[in-house]
Every structure is written in C-alpha cells, then in structure tokens.
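For reference, the structure discussed in these notes is given below.
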Amino acid sequence: MDVLGRGKVVATREDMLTYEYDGSADTASPDAVVLPETTADVAAVARFCHEHGVPIVPRGAGTGLSGGAIPVEGGVVMSFARMARILEIDVPNLRAVVQPGVVNLHLSTAVAPHGLYFVPDPSSQKACTLGGNVAENSGGPHTLAYGVTTNHVTGLEIVLSDGTIARLGGKAVEDEGYDLVGTFVGSEGTLGMVTEITVKLTPLAEDRRTVLAAFTTMDQASETVSAIIASGVVPAAIEMMDNLATQAVEESVHAGYPLDAGGILLVEVEGVRDGLEDARERIEAICRANGASSLRLAATALEREKLWSGRKGAFAAMGRLAPDYYVQDGVIPRTKLPEVLRRIRELEVRSGLRIGNVFHAGDGNLHPLVCYDEGIGGQGELAEQVAAEILTYCIDAGGSITGEHGVGADKACQMPKMFGAADLETMLLVRSAFDPRGLCNPGKVFPTPRLCGEVPGPYRQHPVERAGLAERF
C-alpha cells in the first residue's frame, strides 16, 4: 500500500537509528518513520495505523527529556520536521498560526519586527518545536510572570488516531463548553497529533533590568526567592544555580558568574520603563537582607545576553563534568526550596554521584542533573534511582513529579506515587474519549506492566506483524 510515497518515508534501518533517541537516557526502535508534509498526510497515516492496530509516536525535534518521543512499543514514528511553516501572523489580534514543526525561537524572531514575541522560552528554544512545546506544556525562564504554554495556546487542529481531523478552539481567548485545548496541551501525544497551532503573541517589554546575585549558601539564595515574591514584586524570571552548575557554566560559556558562590540567582524584571528602577532596587535590597555577597546589574543588552547565555547553556555545560547526566524535573512550593535542596545534597553525599542544580526557582521547578558514567557498571541504574528518589522528595513537599518535561516513559512508573487508582482511571477515561484503542504514543504517562517491570507488553510479543512495515507507506 502506497500511503505517502517513497519520499516521505525513512526506509532503511540505518536511517531510523536517529529516531530511537530523544534527550532522555533510554532508546527504543521504531518499525517505520514517516515525514508528513500536510494534515492530509497525517490523517492518511493515522487511518492506516488504526486499521492495522499500529502505534503512532509523534515527534518534534527530539529535545524532550522524559522519553516522550521514544517508540517504546515500536510502531510508526511520525516526525513533523517538514511541517514547519508559519501560516499566519495576525498582528491586530496578537495571534500566529503555525505548524507543529516550527522552531520555538523562529516564531519570536519572525514576529519581532512587529514588536511581539512568543513567551514560553525553554532552554532548548533554538531547537525545540512548537508541537513539542504543546505536547509537554513547556515553560522556560520567562514564564514566571506570564504562564507556560497552555496559557499561550488558543486553538489547535488535531488528527485523532482513526484519522479524524478536528479543530479545538480558535483565535478567541475563551470558548464555550469544555476546555479541550487545555486538555490537549500537555497530553504528551497520547490523545492525538497536533497539525496546526494558534498561539498568543505578546508585546515586547519596553525595558528590563537583569540582576545577578551571589550567595554563600543555597539556603540564602532559596530564602531570597520566597522573599522577593512575598514583597509583591513578580519578576519575569528567577533562575538559580548551585556551585557545581556555576563551575560547569563558567568553564563552557564564560558568562561572568562568580565561582566562589554557593548559589546564584539570575533575576529579571521587565515592563514599562517607569517603575523598573524601583523594582530593581527592591529586589537588590531583599537580596542584601538575605545575605547576598555580591550584586551585579547588567548595564547593557550585551551583558544581559551574556548572563542569560550561561543559564541557557547550563545543561550542555554539565557534559564537562561527567560523560553522562540524568536530568530530572519536579516541582515544589517555593517555601520548600531550602528543605528539598538540603535533602538533595544529602542524597548526593550518600550516593556518591554529583548532582548539579540549575532551575526555575521562581515557580519551584527543579532540574537536578545527576552526573554519572555509563561505562562504570551500575552507575546508570544508580543515577535512575537517585533521580526517582528526588521525585519522592518533591511529592513529600506537596509538589509534582513534573513541571515542564512531561511524564513520558521516564516517570510513568512514578505516577501512582502521586495519584490514586481512581485518579488514574479518570485520566484514562479522558484518553479513551480521544483514542479508544490506545494507539497514540502508548507506554507514556500511564504506568504499564511492561515498563514497570512486570510482564512484556502485548504489542512487542508479535513483532512478525510489523515486518516490512516501512515499505507499506
């Protein structure tokens, strides 16, 4: 059967190797990879897969950190790399309509001449795509004051697992009835495929102030975060790094971070020019009151860019400290930062694995990076155990197992720690309403026996059914 045509199919096993990976630690092999160019292509593939009971795994740029794009049950990986057009920039209504393969930063660059930008700015924004941002409900340093992806998406065109094309929402801020757009954003590809996204555009701030504050201890830096928010000042961003992360960043990026600080804060306020100096002064006063050892204001746009280049490049810089690292993602109340960070430090000492902390402190979104060496027997498994224990700390503190990286395959087995059986059953009922056969990104979000170490999954028990699957597209 010629569903798409040869030019839209990755046909060889060697070429499919790229699609075994994303930014997480695990891998799995697809049985076919397709590269649709239109919504009609996506629908055609979905109809074929529905007819033959084949899973579909949507994939953006593969920058995800929870295994969301890994085909853990095999099947067809649907890469949206060729659906990467900005379809409309509607300046009067502050909207843009884009395909899912549009790179996050490319959208902001395209609308900048109109004095606008797209707020969610993950650290991978130079590579990650809007479709992936929708799937994971991505955030970023500058979403503290403005909200994450779900707060900036008003409409979606989707393709369900049986090939049905549907539209949810539109350009309006609110629609009558159920918030199906909000249901779909953050669903990690388990409800269907996004083929078109309508997003809010936000006017660029008139001015901003960026302050780097250094502290002797992480406790001092953590207490400062809560104090800033409690003062009534809501910055656009409050980012935190510990000394290990700072050392790595300075060696890699030379951002000008103080190497002797136990913890640093990068705080930015923005808006109309009048009042910014007052906000900056209040923030600096709070930092001093909480023991800041030094304060530095970015005097120019170049200095600001240099400071932010360090934060944006932090994950990559950690590769200088160890051959491998495991990125975790959990959320805690801001007031619990000192307590949880102390527990992570104790875990670091107990496990013998170094843990760097670089994260969105303003909304309590932790990103501990567990360093290890896969070449040393048992270290990979130990790193996974350490990362899982950190999630337990987050739950104990009244937080969540994910803030923006998603649950994916990586944390699916952790879901029962946070949700009861009735909660999970209700979520599965919602999923079934969109995808009754469970073909969309199976093995993600919800714990399954195979992934959680009980028995093999049913699909992988019959590999003969998928022999030559790529040739059928």
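By convention in this document, the chains of the structure tokens carry letters A, B, ... by their order, each chain's residues are numbered from 1, and ligands are numbered from 1 in the order they are shown.
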Going by DSSP on the backbone, which residues of range 118-206 of chain A come out as helix (DSSP H, G or I)? List them as an mmCIF file with all heavy atoms, in the first residue's frame.
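Dumped to part12.cif:
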data_model
loop_
_atom_site.group_PDB
_atom_site.id
_atom_site.type_symbol
_atom_site.label_atom_id
_atom_site.label_comp_id
_atom_site.auth_asym_id
_atom_site.auth_seq_id
_atom_site.Cartn_x
_atom_site.Cartn_y
_atom_site.Cartn_z
ATOM 1 N N LEU A 130 7.293 23.974 18.336
ATOM 2 C CA LEU A 130 6.027 24.333 18.988
ATOM 3 C C LEU A 130 5.158 23.111 19.243
ATOM 4 O O LEU A 130 4.444 23.052 20.248
ATOM 5 C CB LEU A 130 5.273 25.356 18.136
ATOM 6 C CG LEU A 130 5.582 26.837 18.359
ATOM 7 C CD1 LEU A 130 5.184 27.279 19.748
ATOM 8 C CD2 LEU A 130 7.047 27.147 18.114
ATOM 9 N N GLY A 131 5.206 22.126 18.357
ATOM 10 C CA GLY A 131 4.431 20.912 18.593
ATOM 11 C C GLY A 131 4.895 20.193 19.844
ATOM 12 O O GLY A 131 4.076 19.733 20.642
ATOM 13 N N GLY A 132 6.203 20.113 20.035
ATOM 14 C CA GLY A 132 6.733 19.518 21.255
ATOM 15 C C GLY A 132 6.398 20.335 22.479
ATOM 16 O O GLY A 132 6.091 19.783 23.543
ATOM 17 N N ASN A 133 6.435 21.664 22.357
ATOM 18 C CA ASN A 133 6.061 22.539 23.475
ATOM 19 C C ASN A 133 4.616 22.303 23.896
ATOM 20 O O ASN A 133 4.298 22.271 25.090
ATOM 21 C CB ASN A 133 6.234 24.002 23.095
ATOM 22 C CG ASN A 133 7.663 24.417 22.827
ATOM 23 O OD1 ASN A 133 7.913 25.482 22.285
ATOM 24 N ND2 ASN A 133 8.635 23.572 23.199
ATOM 25 N N VAL A 134 3.735 22.120 22.906
ATOM 26 C CA VAL A 134 2.329 21.838 23.209
ATOM 27 C C VAL A 134 2.201 20.480 23.895
ATOM 28 O O VAL A 134 1.485 20.331 24.887
ATOM 29 C CB VAL A 134 1.483 21.887 21.921
ATOM 30 C CG1 VAL A 134 0.094 21.294 22.156
ATOM 31 C CG2 VAL A 134 1.364 23.323 21.424
ATOM 32 N N ALA A 135 2.919 19.490 23.377
ATOM 33 C CA ALA A 135 2.825 18.143 23.945
ATOM 34 C C ALA A 135 3.237 18.115 25.410
ATOM 35 O O ALA A 135 2.596 17.451 26.239
ATOM 36 C CB ALA A 135 3.697 17.178 23.136
ATOM 37 N N GLU A 136 4.304 18.837 25.757
ATOM 38 C CA GLU A 136 4.848 18.779 27.114
ATOM 39 C C GLU A 136 4.377 19.929 28.001
ATOM 40 O O GLU A 136 4.740 19.981 29.179
ATOM 41 C CB GLU A 136 6.378 18.794 27.054
ATOM 42 C CG GLU A 136 6.994 17.730 26.167
ATOM 43 C CD GLU A 136 6.645 16.324 26.610
ATOM 44 O OE1 GLU A 136 6.405 16.130 27.819
ATOM 45 O OE2 GLU A 136 6.585 15.428 25.763
ATOM 46 N N PRO A 141 12.517 29.994 31.464
ATOM 47 C CA PRO A 141 12.865 31.003 32.471
ATOM 48 C C PRO A 141 11.884 32.154 32.568
ATOM 49 O O PRO A 141 11.636 32.675 33.650
ATOM 50 C CB PRO A 141 14.248 31.483 32.012
ATOM 51 C CG PRO A 141 14.824 30.342 31.251
ATOM 52 C CD PRO A 141 13.654 29.701 30.558
ATOM 53 N N HIS A 142 11.306 32.581 31.444
ATOM 54 C CA HIS A 142 10.497 33.802 31.450
ATOM 55 C C HIS A 142 8.993 33.540 31.488
ATOM 56 O O HIS A 142 8.202 34.385 31.062
ATOM 57 C CB HIS A 142 10.860 34.673 30.243
ATOM 58 C CG HIS A 142 12.192 35.331 30.367
ATOM 59 N ND1 HIS A 142 13.357 34.716 29.941
ATOM 60 C CD2 HIS A 142 12.560 36.518 30.909
ATOM 61 C CE1 HIS A 142 14.380 35.512 30.207
ATOM 62 N NE2 HIS A 142 13.929 36.608 30.785
ATOM 63 N N THR A 143 8.602 32.386 32.006
ATOM 64 C CA THR A 143 7.163 32.113 32.118
ATOM 65 C C THR A 143 6.627 32.354 33.523
ATOM 66 O O THR A 143 5.437 32.155 33.764
ATOM 67 C CB THR A 143 6.854 30.661 31.698
ATOM 68 O OG1 THR A 143 7.581 29.762 32.552
ATOM 69 C CG2 THR A 143 7.246 30.416 30.257
ATOM 70 N N THR A 149 3.057 27.148 28.358
ATOM 71 C CA THR A 149 2.497 27.013 27.008
ATOM 72 C C THR A 149 0.976 27.016 26.994
ATOM 73 O O THR A 149 0.358 27.661 26.137
ATOM 74 C CB THR A 149 3.034 25.733 26.340
ATOM 75 O OG1 THR A 149 4.457 25.823 26.211
ATOM 76 C CG2 THR A 149 2.434 25.552 24.961
ATOM 77 N N THR A 150 0.340 26.323 27.928
ATOM 78 C CA THR A 150 -1.120 26.250 27.911
ATOM 79 C C THR A 150 -1.775 27.624 28.028
ATOM 80 O O THR A 150 -2.900 27.817 27.562
ATOM 81 C CB THR A 150 -1.628 25.325 29.046
ATOM 82 O OG1 THR A 150 -3.022 25.076 28.853
ATOM 83 C CG2 THR A 150 -1.398 25.934 30.421
ATOM 84 N N ASN A 151 -1.075 28.579 28.619
ATOM 85 C CA ASN A 151 -1.605 29.940 28.746
ATOM 86 C C ASN A 151 -1.425 30.759 27.478
ATOM 87 O O ASN A 151 -1.887 31.900 27.409
ATOM 88 C CB ASN A 151 -0.936 30.661 29.908
ATOM 89 C CG ASN A 151 -1.069 29.921 31.219
ATOM 90 O OD1 ASN A 151 -0.104 29.401 31.759
ATOM 91 N ND2 ASN A 151 -2.283 29.848 31.744
ATOM 92 N N HIS A 152 -0.767 30.192 26.469
ATOM 93 C CA HIS A 152 -0.468 30.939 25.242
ATOM 94 C C HIS A 152 -0.919 30.205 23.983
ATOM 95 O O HIS A 152 -0.516 30.569 22.875
ATOM 96 C CB HIS A 152 1.040 31.232 25.184
ATOM 97 C CG HIS A 152 1.515 32.083 26.316
ATOM 98 N ND1 HIS A 152 1.527 33.461 26.251
ATOM 99 C CD2 HIS A 152 1.951 31.761 27.551
ATOM 100 C CE1 HIS A 152 1.959 33.941 27.406
ATOM 101 N NE2 HIS A 152 2.216 32.937 28.215
ATOM 102 N N LEU A 180 -11.165 21.962 25.784
ATOM 103 C CA LEU A 180 -10.487 20.859 25.125
ATOM 104 C C LEU A 180 -9.075 21.232 24.696
ATOM 105 O O LEU A 180 -8.204 20.359 24.620
ATOM 106 C CB LEU A 180 -11.310 20.380 23.926
ATOM 107 C CG LEU A 180 -12.686 19.811 24.280
ATOM 108 C CD1 LEU A 180 -13.408 19.355 23.022
ATOM 109 C CD2 LEU A 180 -12.567 18.657 25.265
ATOM 110 N N VAL A 181 -8.840 22.508 24.425
ATOM 111 C CA VAL A 181 -7.472 22.942 24.118
ATOM 112 C C VAL A 181 -6.584 22.721 25.339
ATOM 113 O O VAL A 181 -5.481 22.167 25.244
ATOM 114 C CB VAL A 181 -7.437 24.424 23.691
ATOM 115 C CG1 VAL A 181 -5.991 24.910 23.545
ATOM 116 C CG2 VAL A 181 -8.185 24.616 22.377
ATOM 117 N N GLY A 182 -7.082 23.136 26.502
ATOM 118 C CA GLY A 182 -6.321 22.936 27.725
ATOM 119 C C GLY A 182 -6.108 21.468 28.046
ATOM 120 O O GLY A 182 -5.082 21.087 28.618
ATOM 121 N N THR A 183 -7.083 20.633 27.679
ATOM 122 C CA THR A 183 -6.933 19.189 27.880
ATOM 123 C C THR A 183 -5.833 18.633 26.988
ATOM 124 O O THR A 183 -5.037 17.783 27.403
ATOM 125 C CB THR A 183 -8.261 18.464 27.573
ATOM 126 O OG1 THR A 183 -9.281 18.970 28.428
ATOM 127 C CG2 THR A 183 -8.139 16.967 27.771
ATOM 128 N N PHE A 184 -5.763 19.118 25.766
ATOM 129 C CA PHE A 184 -4.812 18.582 24.789
ATOM 130 C C PHE A 184 -3.391 19.057 25.062
ATOM 131 O O PHE A 184 -2.433 18.298 24.894
ATOM 132 C CB PHE A 184 -5.235 18.999 23.375
ATOM 133 C CG PHE A 184 -4.885 17.980 22.328
ATOM 134 C CD1 PHE A 184 -5.795 17.005 21.969
ATOM 135 C CD2 PHE A 184 -3.652 17.987 21.711
ATOM 136 C CE1 PHE A 184 -5.475 16.053 21.005
ATOM 137 C CE2 PHE A 184 -3.324 17.052 20.750
ATOM 138 C CZ PHE A 184 -4.242 16.074 20.391
#
Please provide as an mmCIF file with N, CA, C and O atoms, in the first residue's frame all residues within 9 Å of range 205-219 of chain A, with the sequence filter that same-chain residues fewer than 3 positions apart are discarded (counting only C-alpha atoms).
data_model
loop_
_atom_site.group_PDB
_atom_site.id
_atom_site.type_symbol
_atom_site.label_atom_id
_atom_site.label_comp_id
_atom_site.auth_asym_id
_atom_site.auth_seq_id
_atom_site.Cartn_x
_atom_site.Cartn_y
_atom_site.Cartn_z
ATOM 1 N N GLY A 115 7.167 44.065 17.024
ATOM 2 C CA GLY A 115 7.210 44.375 18.446
ATOM 3 C C GLY A 115 6.572 43.303 19.311
ATOM 4 O O GLY A 115 6.089 43.594 20.406
ATOM 5 N N LEU A 116 6.582 42.063 18.843
ATOM 6 C CA LEU A 116 5.918 40.962 19.525
ATOM 7 C C LEU A 116 6.870 39.790 19.742
ATOM 8 O O LEU A 116 7.936 39.713 19.132
ATOM 9 N N THR A 202 2.758 38.270 22.393
ATOM 10 C CA THR A 202 2.826 39.239 23.478
ATOM 11 C C THR A 202 3.720 40.403 23.083
ATOM 12 O O THR A 202 4.797 40.186 22.501
ATOM 13 N N SER A 222 17.779 30.428 48.307
ATOM 14 C CA SER A 222 16.416 29.897 48.304
ATOM 15 C C SER A 222 15.460 30.785 49.090
ATOM 16 O O SER A 222 14.334 31.060 48.648
ATOM 17 N N GLU A 223 15.897 31.225 50.262
ATOM 18 C CA GLU A 223 15.050 32.100 51.082
ATOM 19 C C GLU A 223 14.777 33.419 50.366
ATOM 20 O O GLU A 223 13.694 34.011 50.500
ATOM 21 N N THR A 224 15.724 33.870 49.580
ATOM 22 C CA THR A 224 15.569 35.132 48.856
ATOM 23 C C THR A 224 14.454 35.040 47.819
ATOM 24 O O THR A 224 13.708 36.006 47.596
ATOM 25 N N MET A 240 18.023 29.875 39.411
ATOM 26 C CA MET A 240 19.010 29.583 40.445
ATOM 27 C C MET A 240 19.993 28.521 39.959
ATOM 28 O O MET A 240 19.619 27.610 39.213
ATOM 29 N N MET A 241 21.256 28.656 40.390
ATOM 30 C CA MET A 241 22.281 27.649 40.130
ATOM 31 C C MET A 241 23.091 27.421 41.386
ATOM 32 O O MET A 241 23.358 28.362 42.136
ATOM 33 N N ASP A 242 23.504 26.166 41.593
ATOM 34 C CA ASP A 242 24.421 25.901 42.686
ATOM 35 C C ASP A 242 25.865 26.015 42.187
ATOM 36 O O ASP A 242 26.112 26.307 41.008
ATOM 37 N N ASN A 243 26.812 25.776 43.081
ATOM 38 C CA ASN A 243 28.213 25.975 42.722
ATOM 39 C C ASN A 243 28.688 25.006 41.656
ATOM 40 O O ASN A 243 29.464 25.387 40.768
ATOM 41 N N TYR A 257 29.878 34.441 35.880
ATOM 42 C CA TYR A 257 29.314 34.058 37.172
ATOM 43 C C TYR A 257 30.437 33.917 38.209
ATOM 44 O O TYR A 257 31.515 33.415 37.896
ATOM 45 N N PRO A 258 30.210 34.324 39.458
ATOM 46 C CA PRO A 258 31.235 34.201 40.499
ATOM 47 C C PRO A 258 31.460 32.736 40.893
ATOM 48 O O PRO A 258 30.526 32.039 41.284
ATOM 49 N N ASP A 260 33.072 31.472 43.392
ATOM 50 C CA ASP A 260 33.131 31.161 44.822
ATOM 51 C C ASP A 260 31.758 31.171 45.490
ATOM 52 O O ASP A 260 31.650 30.976 46.706
ATOM 53 N N ALA A 261 30.705 31.381 44.737
ATOM 54 C CA ALA A 261 29.356 31.459 45.321
ATOM 55 C C ALA A 261 28.786 30.063 45.548
ATOM 56 O O ALA A 261 28.916 29.170 44.694
ATOM 57 N N GLY A 262 28.137 29.864 46.686
ATOM 58 C CA GLY A 262 27.442 28.606 46.927
ATOM 59 C C GLY A 262 26.186 28.494 46.088
ATOM 60 O O GLY A 262 25.767 27.401 45.702
ATOM 61 N N GLY A 263 25.563 29.624 45.812
ATOM 62 C CA GLY A 263 24.380 29.666 44.969
ATOM 63 C C GLY A 263 24.231 31.038 44.343
ATOM 64 O O GLY A 263 24.637 32.048 44.937
ATOM 65 N N ILE A 264 23.699 31.106 43.147
ATOM 66 C CA ILE A 264 23.463 32.390 42.482
ATOM 67 C C ILE A 264 22.019 32.464 42.008
ATOM 68 O O ILE A 264 21.377 31.454 41.724
ATOM 69 N N LEU A 265 21.520 33.682 41.951
ATOM 70 C CA LEU A 265 20.198 33.963 41.397
ATOM 71 C C LEU A 265 20.352 34.891 40.203
ATOM 72 O O LEU A 265 21.132 35.851 40.255
ATOM 73 N N LEU A 266 19.609 34.599 39.150
ATOM 74 C CA LEU A 266 19.502 35.491 37.999
ATOM 75 C C LEU A 266 18.055 35.977 37.981
ATOM 76 O O LEU A 266 17.127 35.199 37.745
ATOM 77 N N VAL A 267 17.865 37.266 38.294
ATOM 78 C CA VAL A 267 16.526 37.826 38.451
ATOM 79 C C VAL A 267 16.310 38.904 37.402
ATOM 80 O O VAL A 267 17.155 39.799 37.235
ATOM 81 N N GLU A 268 15.161 38.826 36.719
ATOM 82 C CA GLU A 268 14.874 39.826 35.678
ATOM 83 C C GLU A 268 13.453 40.357 35.848
ATOM 84 O O GLU A 268 12.504 39.585 36.017
ATOM 85 N N VAL A 269 13.338 41.697 35.834
ATOM 86 C CA VAL A 269 12.029 42.347 35.804
ATOM 87 C C VAL A 269 11.911 43.103 34.491
ATOM 88 O O VAL A 269 12.908 43.602 33.952
ATOM 89 N N GLU A 270 10.707 43.169 33.958
ATOM 90 C CA GLU A 270 10.501 43.864 32.692
ATOM 91 C C GLU A 270 9.128 44.496 32.656
ATOM 92 O O GLU A 270 8.250 44.188 33.463
ATOM 93 N N GLY A 271 8.951 45.401 31.721
ATOM 94 C CA GLY A 271 7.679 46.093 31.574
ATOM 95 C C GLY A 271 7.906 47.516 31.103
ATOM 96 O O GLY A 271 8.912 47.813 30.438
ATOM 97 N N VAL A 272 6.986 48.425 31.445
ATOM 98 C CA VAL A 272 7.175 49.831 31.094
ATOM 99 C C VAL A 272 8.361 50.378 31.882
ATOM 100 O O VAL A 272 8.643 49.951 33.013
ATOM 101 N N ARG A 273 9.062 51.307 31.291
ATOM 102 C CA ARG A 273 10.315 51.804 31.879
ATOM 103 C C ARG A 273 10.091 52.436 33.258
ATOM 104 O O ARG A 273 10.877 52.213 34.184
ATOM 105 N N LEU A 276 10.623 50.435 36.781
ATOM 106 C CA LEU A 276 11.563 49.324 36.769
ATOM 107 C C LEU A 276 12.725 49.539 37.730
ATOM 108 O O LEU A 276 13.191 48.591 38.372
ATOM 109 N N GLU A 277 13.193 50.768 37.806
ATOM 110 C CA GLU A 277 14.300 51.036 38.721
ATOM 111 C C GLU A 277 13.875 50.782 40.168
ATOM 112 O O GLU A 277 14.650 50.247 40.966
ATOM 113 N N ALA A 279 11.598 48.623 41.138
ATOM 114 C CA ALA A 279 11.532 47.166 41.314
ATOM 115 C C ALA A 279 12.923 46.580 41.473
ATOM 116 O O ALA A 279 13.149 45.707 42.323
ATOM 117 N N ARG A 280 13.862 47.057 40.667
ATOM 118 C CA ARG A 280 15.228 46.557 40.755
ATOM 119 C C ARG A 280 15.836 46.863 42.116
ATOM 120 O O ARG A 280 16.479 46.004 42.740
ATOM 121 N N ILE A 283 14.409 44.533 44.738
ATOM 122 C CA ILE A 283 14.984 43.188 44.622
ATOM 123 C C ILE A 283 16.394 43.152 45.206
ATOM 124 O O ILE A 283 16.749 42.240 45.966
ATOM 125 N N GLU A 284 17.202 44.145 44.884
ATOM 126 C CA GLU A 284 18.567 44.180 45.407
ATOM 127 C C GLU A 284 18.568 44.320 46.930
ATOM 128 O O GLU A 284 19.393 43.694 47.620
ATOM 129 N N CYS A 287 17.806 40.959 48.366
ATOM 130 C CA CYS A 287 18.978 40.088 48.243
ATOM 131 C C CYS A 287 20.003 40.403 49.341
ATOM 132 O O CYS A 287 20.554 39.498 49.985
ATOM 133 N N ARG A 288 20.250 41.689 49.569
ATOM 134 C CA ARG A 288 21.219 42.067 50.617
ATOM 135 C C ARG A 288 20.713 41.626 51.994
ATOM 136 O O ARG A 288 21.488 41.125 52.824
ATOM 137 N N ASN A 290 19.065 39.166 52.728
ATOM 138 C CA ASN A 290 19.165 37.716 52.866
ATOM 139 C C ASN A 290 20.599 37.209 52.682
ATOM 140 O O ASN A 290 20.808 36.010 52.479
ATOM 141 N N GLY A 291 21.553 38.128 52.750
ATOM 142 C CA GLY A 291 22.949 37.709 52.795
ATOM 143 C C GLY A 291 23.684 37.665 51.482
ATOM 144 O O GLY A 291 24.727 36.992 51.390
ATOM 145 N N ALA A 292 23.214 38.371 50.454
ATOM 146 C CA ALA A 292 23.932 38.364 49.177
ATOM 147 C C ALA A 292 25.358 38.872 49.361
ATOM 148 O O ALA A 292 25.577 39.918 49.975
ATOM 149 N N SER A 293 26.311 38.116 48.837
ATOM 150 C CA SER A 293 27.712 38.516 48.944
ATOM 151 C C SER A 293 28.122 39.481 47.841
ATOM 152 O O SER A 293 29.091 40.235 47.993
ATOM 153 N N SER A 294 27.387 39.461 46.722
ATOM 154 C CA SER A 294 27.661 40.413 45.644
ATOM 155 C C SER A 294 26.427 40.557 44.777
ATOM 156 O O SER A 294 25.601 39.648 44.687
ATOM 157 N N LEU A 295 26.289 41.709 44.142
ATOM 158 C CA LEU A 295 25.190 42.001 43.233
ATOM 159 C C LEU A 295 25.758 42.635 41.973
ATOM 160 O O LEU A 295 26.675 43.445 42.047
ATOM 161 N N ARG A 296 25.201 42.254 40.842
ATOM 162 C CA ARG A 296 25.683 42.808 39.576
ATOM 163 C C ARG A 296 24.503 43.079 38.667
ATOM 164 O O ARG A 296 23.670 42.209 38.414
ATOM 165 N N LEU A 297 24.402 44.295 38.193
ATOM 166 C CA LEU A 297 23.353 44.691 37.261
ATOM 167 C C LEU A 297 23.901 44.666 35.842
ATOM 168 O O LEU A 297 24.977 45.216 35.581
ATOM 169 N N ALA A 298 23.181 44.022 34.935
ATOM 170 C CA ALA A 298 23.581 44.038 33.525
ATOM 171 C C ALA A 298 23.379 45.447 32.984
ATOM 172 O O ALA A 298 22.248 45.920 32.870
ATOM 173 N N ALA A 299 24.488 46.116 32.658
ATOM 174 C CA ALA A 299 24.430 47.522 32.255
ATOM 175 C C ALA A 299 24.049 47.697 30.794
ATOM 176 O O ALA A 299 23.576 48.767 30.396
ATOM 177 N N ARG A 304 23.481 41.585 29.455
ATOM 178 C CA ARG A 304 22.309 40.759 29.765
ATOM 179 C C ARG A 304 22.342 39.467 28.964
ATOM 180 O O ARG A 304 22.106 38.382 29.510
ATOM 181 N N LEU A 307 24.809 37.027 30.458
ATOM 182 C CA LEU A 307 24.310 36.360 31.661
ATOM 183 C C LEU A 307 23.309 35.256 31.320
ATOM 184 O O LEU A 307 23.368 34.153 31.867
ATOM 185 N N LEU A 337 11.989 25.184 49.071
ATOM 186 C CA LEU A 337 13.274 25.083 48.369
ATOM 187 C C LEU A 337 14.437 24.745 49.304
ATOM 188 O O LEU A 337 15.204 23.813 49.018
ATOM 189 N N PRO A 338 14.621 25.463 50.423
ATOM 190 C CA PRO A 338 15.764 25.133 51.276
ATOM 191 C C PRO A 338 15.744 23.690 51.766
ATOM 192 O O PRO A 338 16.773 22.995 51.730
ATOM 193 N N GLU A 339 14.593 23.234 52.190
ATOM 194 C CA GLU A 339 14.459 21.881 52.730
ATOM 195 C C GLU A 339 14.774 20.821 51.677
ATOM 196 O O GLU A 339 15.553 19.882 51.912
ATOM 197 N N LEU A 341 16.353 21.140 48.735
ATOM 198 C CA LEU A 341 17.727 21.223 48.240
ATOM 199 C C LEU A 341 18.711 20.621 49.240
ATOM 200 O O LEU A 341 19.720 20.016 48.847
ATOM 201 N N ARG A 342 18.424 20.759 50.532
ATOM 202 C CA ARG A 342 19.277 20.109 51.532
ATOM 203 C C ARG A 342 19.180 18.593 51.416
ATOM 204 O O ARG A 342 20.192 17.884 51.527
#
Go through A:Gly7, A:Pro113, A:Gly319, A:Gly23 and flag the residue nearest Ala69 in chain A, using only C-alpha atoms for the distances. A:Gly23
Close residues, Ile158 in chain A itself excluded, 7 Å, only C-alpha atoms, min 2 positions apart in chain, as a list in words: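 Listing them by chain and then by number gives Leu156, Leu160, Ile165, Ala166, Arg167, Gly192, Met193, Val194 and Thr195 of chain A.
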Could you write out, as a ChimeraX atom specification, all the residues of range 100-318 of chain A that DSSP marks as strand (DSSP E)? /A:116-117,153-159,165-169,193-200,202-203,207-215,237-242,263-271,292-297
Report the distance between CA of Val34 in chain A and CA of Tyr19 in chain A in Å, rounded to one decimal place.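 Computed distance, CA of Val34 in chain A to CA of Tyr19 in chain A, equals 10.6 Å.
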Taking only C-alpha atoms into account, which of A:Glu196, A:Glu425, A:Asp121, A:Glu188 comes nearest Thr154 in chain A? A:Glu196
